Amino acid sequence: MSDHPGAMSDDIPMFPLGTVLFPGVYLPLHVFEPRYQDLVRVCLEGTPEFGVALIERGHEVGGGDVRFEAGCVARIVAAAELDGGRWALGTVGTRRVRVRRWLPDAPYPRAVVDDWDDPPPGPDAARRLPEVAVRLRRVLALAAEMGEIAADATTPIGDEPLVAGYQMAALAPVGPLDKLALLCAPTPEERLDLLDRLLDEEEAVLARRLEGG
């Protein structure tokens with residue numbers, strides 16, 4: 001049973017990865033494992049979408065992984081076939097989903113998923129957005145100063161709270177489990193609150209390192 005009455009359920013191909021995808025965010029992929037080459041061909045012949053779920057344990061290649069049950073649907077917006085059946089894909093996250101059940105890999109993973117819509121953002125989200133965006137840019141600049149691999153601190157961020165919250169979650173220099181928690185936040189306001197706390201912690205760590213502490 002879905003936790004979300006009225007949510008649409010779909011049986012879709014799934015691509016477990018070591019990264020978290022957010023709605024509205026671009027994700028490039030290099031597909032080289034044969035079963036995921038099959039997944040791409042099936043998607044391109046039909047609906048050019050598949051689900052992305054974070055791997056809890058195991059590896060992206062060869063199976064044997066354990067997968068989290070929250071994810072995001074990726075839509076293929078560009079595809080180039082390479083030597084050996086490999087694919088270079090450009091994808092964009094379209095909507096958040098929750099896995100109802102995993103189906104047998106045959107040959108690639110599939111799952112029955114429910115759409116997991118966010119409630120509309122309230123006025124508090126619009127109020128919080130600018131200050132969280134400023135903190136994000138500050139932390140990204142600090143990370144770059146420390147020589148860490150991080151997103152560009154000048155990356156454009158939208159002004160619609162739901163979309164911007166997802167964009168900032170993707171840009172934030174935090175680990176995959178923190179990103180998963182951001183994806184799973186129940187409301188846009190709670191996502192911004194969590195992001196602000198995570199950025200505060202990361203800023204403190206970077207500041208200590210910068211001071212030689």
# chains A, B, ... in the order shown; residues from 1 in each chain; ligands from 1
$ residues_around --residues "A:Leu195" --least-positions-apart "6" --cutoff "12 Å" --atoms "only C-alpha atoms" --output "number ranges by chain"
A: 128-129, 131-133, 135-136, 139, 164-174, 178-185, 188-189, 201-203
$ select_by_dssp --residues "chain A" --states "strand (DSSP E)" --output "VMD selection string"
chain A and resid 9 to 17 26 to 31 49 to 57 66 to 81 87 to 103 110 to 115
$ select_by_dssp --residues "stretch 66-135 of chain A" --states "helix (DSSP H, G or I)" --output "MDAnalysis selection string"
chainID A and resid 83:85 123:135
$ write_last_selection --atoms "C-alpha atoms" --output "mmCIF file, in the first residue's frame"
data_model
loop_
_atom_site.group_PDB
_atom_site.id
_atom_site.type_symbol
_atom_site.label_atom_id
_atom_site.label_comp_id
_atom_site.auth_asym_id
_atom_site.auth_seq_id
_atom_site.Cartn_x
_atom_site.Cartn_y
_atom_site.Cartn_z
ATOM 1 C CA ASP A 83 31.823 2.166 -29.077
ATOM 2 C CA GLY A 84 30.930 -1.187 -27.580
ATOM 3 C CA GLY A 85 27.290 -0.275 -26.977
ATOM 4 C CA PRO A 123 5.350 31.989 2.553
ATOM 5 C CA ASP A 124 8.028 30.870 5.017
ATOM 6 C CA ALA A 125 9.877 29.027 2.241
ATOM 7 C CA ALA A 126 10.031 32.174 0.102
ATOM 8 C CA ARG A 127 11.270 34.138 3.112
ATOM 9 C CA ARG A 128 14.001 31.636 4.004
ATOM 10 C CA LEU A 129 15.230 31.035 0.468
ATOM 11 C CA PRO A 130 17.520 34.102 0.037
ATOM 12 C CA GLU A 131 19.377 33.603 3.330
ATOM 13 C CA VAL A 132 19.956 29.889 2.681
ATOM 14 C CA ALA A 133 21.158 30.696 -0.839
ATOM 15 C CA VAL A 134 23.670 33.203 0.570
ATOM 16 C CA ARG A 135 24.978 30.608 3.028
#
$ closest_residue --among "A:Pro176, A:Leu17, A:Asp10, A:Val113" --to "A:Val66" --atoms "only C-alpha atoms"
A:Leu17
$ residues_around --residues "A:Gly93" --least-positions-apart "5" --cutoff "8 Å" --atoms "only C-alpha atoms" --output "list in words"
Leu21, Phe22, Pro23, Gly24, Val25, Tyr26, Leu27, Cys72, Val73, Ala74 and Arg75 of chain A
$ write_last_selection --atoms "C-alpha atoms" --output "PDB file, in the first residue's frame"
ATOM      1  CA  LEU A  21      19.200  12.959  -8.230  1.00  0.00           C
ATOM      2  CA  PHE A  22      16.779  15.817  -7.541  1.00  0.00           C
ATOM      3  CA  PRO A  23      13.826  17.088  -9.599  1.00  0.00           C
ATOM      4  CA  GLY A  24      14.875  19.818 -12.010  1.00  0.00           C
ATOM      5  CA  VAL A  25      18.585  18.925 -11.782  1.00  0.00           C
ATOM      6  CA  TYR A  26      20.770  17.755 -14.694  1.00  0.00           C
ATOM      7  CA  LEU A  27      22.679  14.473 -14.395  1.00  0.00           C
ATOM      8  CA  CYS A  72      13.814  10.516  -8.560  1.00  0.00           C
ATOM      9  CA  VAL A  73      12.705   9.848 -12.110  1.00  0.00           C
ATOM     10  CA  ALA A  74      15.286  10.857 -14.739  1.00  0.00           C
ATOM     11  CA  ARG A  75      14.214  11.850 -18.248  1.00  0.00           C
TER      12      ARG A  75
END
$ residues_around --residues "A:Ala150" --least-positions-apart "2" --cutoff "9 Å" --atoms "only C-alpha atoms" --output "JSON list (two decimals) with N, CA and C atoms, in the first residue's frame"
[["chain", "number", "residue", "atom", "x", "y", "z"],
["A", 140, "LEU", "N", 30.26, 27.14, -0.55],
["A", 140, "LEU", "CA", 30.89, 26.68, -1.78],
["A", 140, "LEU", "C", 32.19, 27.44, -2.05],
["A", 141, "ALA", "N", 32.17, 28.74, -1.79],
["A", 141, "ALA", "CA", 33.39, 29.54, -1.97],
["A", 141, "ALA", "C", 34.48, 29.09, -1.00],
["A", 143, "ALA", "N", 34.78, 26.08, 0.29],
["A", 143, "ALA", "CA", 35.25, 24.76, -0.15],
["A", 143, "ALA", "C", 36.25, 24.92, -1.29],
["A", 144, "ALA", "N", 35.95, 25.82, -2.22],
["A", 144, "ALA", "CA", 36.87, 26.05, -3.34],
["A", 144, "ALA", "C", 38.20, 26.60, -2.84],
["A", 147, "GLY", "N", 40.50, 24.07, -1.78],
["A", 147, "GLY", "CA", 40.94, 23.16, -2.83],
["A", 147, "GLY", "C", 40.07, 21.93, -2.99],
["A", 148, "GLU", "N", 38.87, 21.96, -2.41],
["A", 148, "GLU", "CA", 37.97, 20.81, -2.54],
["A", 148, "GLU", "C", 37.18, 20.90, -3.84],
["A", 152, "ASP", "N", 30.35, 25.40, -8.56],
["A", 152, "ASP", "CA", 30.68, 26.82, -8.70],
["A", 152, "ASP", "C", 29.76, 27.64, -7.81],
["A", 153, "ALA", "N", 30.34, 28.49, -6.98],
["A", 153, "ALA", "CA", 29.54, 29.30, -6.05],
["A", 153, "ALA", "C", 28.66, 30.32, -6.76],
["A", 171, "LEU", "N", 23.57, 21.24, -5.22],
["A", 171, "LEU", "CA", 24.83, 21.98, -5.21],
["A", 171, "LEU", "C", 25.59, 21.83, -3.89],
["A", 172, "ALA", "N", 24.87, 21.55, -2.80],
["A", 172, "ALA", "CA", 25.48, 21.56, -1.47],
["A", 172, "ALA", "C", 26.63, 20.56, -1.37],
["A", 173, "PRO", "N", 27.76, 20.95, -0.76],
["A", 173, "PRO", "CA", 28.91, 20.06, -0.63],
["A", 173, "PRO", "C", 28.76, 19.13, 0.57]]
$ residues_around --residues "A:Phe68" --least-positions-apart "4" --cutoff "9 Å" --atoms "only C-alpha atoms" --output "mmCIF file with C-alpha atoms, in the first residue's frame"
data_model
loop_
_atom_site.group_PDB
_atom_site.id
_atom_site.type_symbol
_atom_site.label_atom_id
_atom_site.label_comp_id
_atom_site.auth_asym_id
_atom_site.auth_seq_id
_atom_site.Cartn_x
_atom_site.Cartn_y
_atom_site.Cartn_z
ATOM 1 C CA PRO A 16 20.745 2.434 -8.720
ATOM 2 C CA ALA A 53 17.836 5.388 -6.430
ATOM 3 C CA LEU A 54 20.805 5.677 -4.101
ATOM 4 C CA ILE A 55 22.736 2.480 -3.357
ATOM 5 C CA GLU A 56 22.826 1.780 0.385
ATOM 6 C CA VAL A 99 9.653 2.619 -4.240
ATOM 7 C CA LEU A 180 19.050 11.658 0.413
#
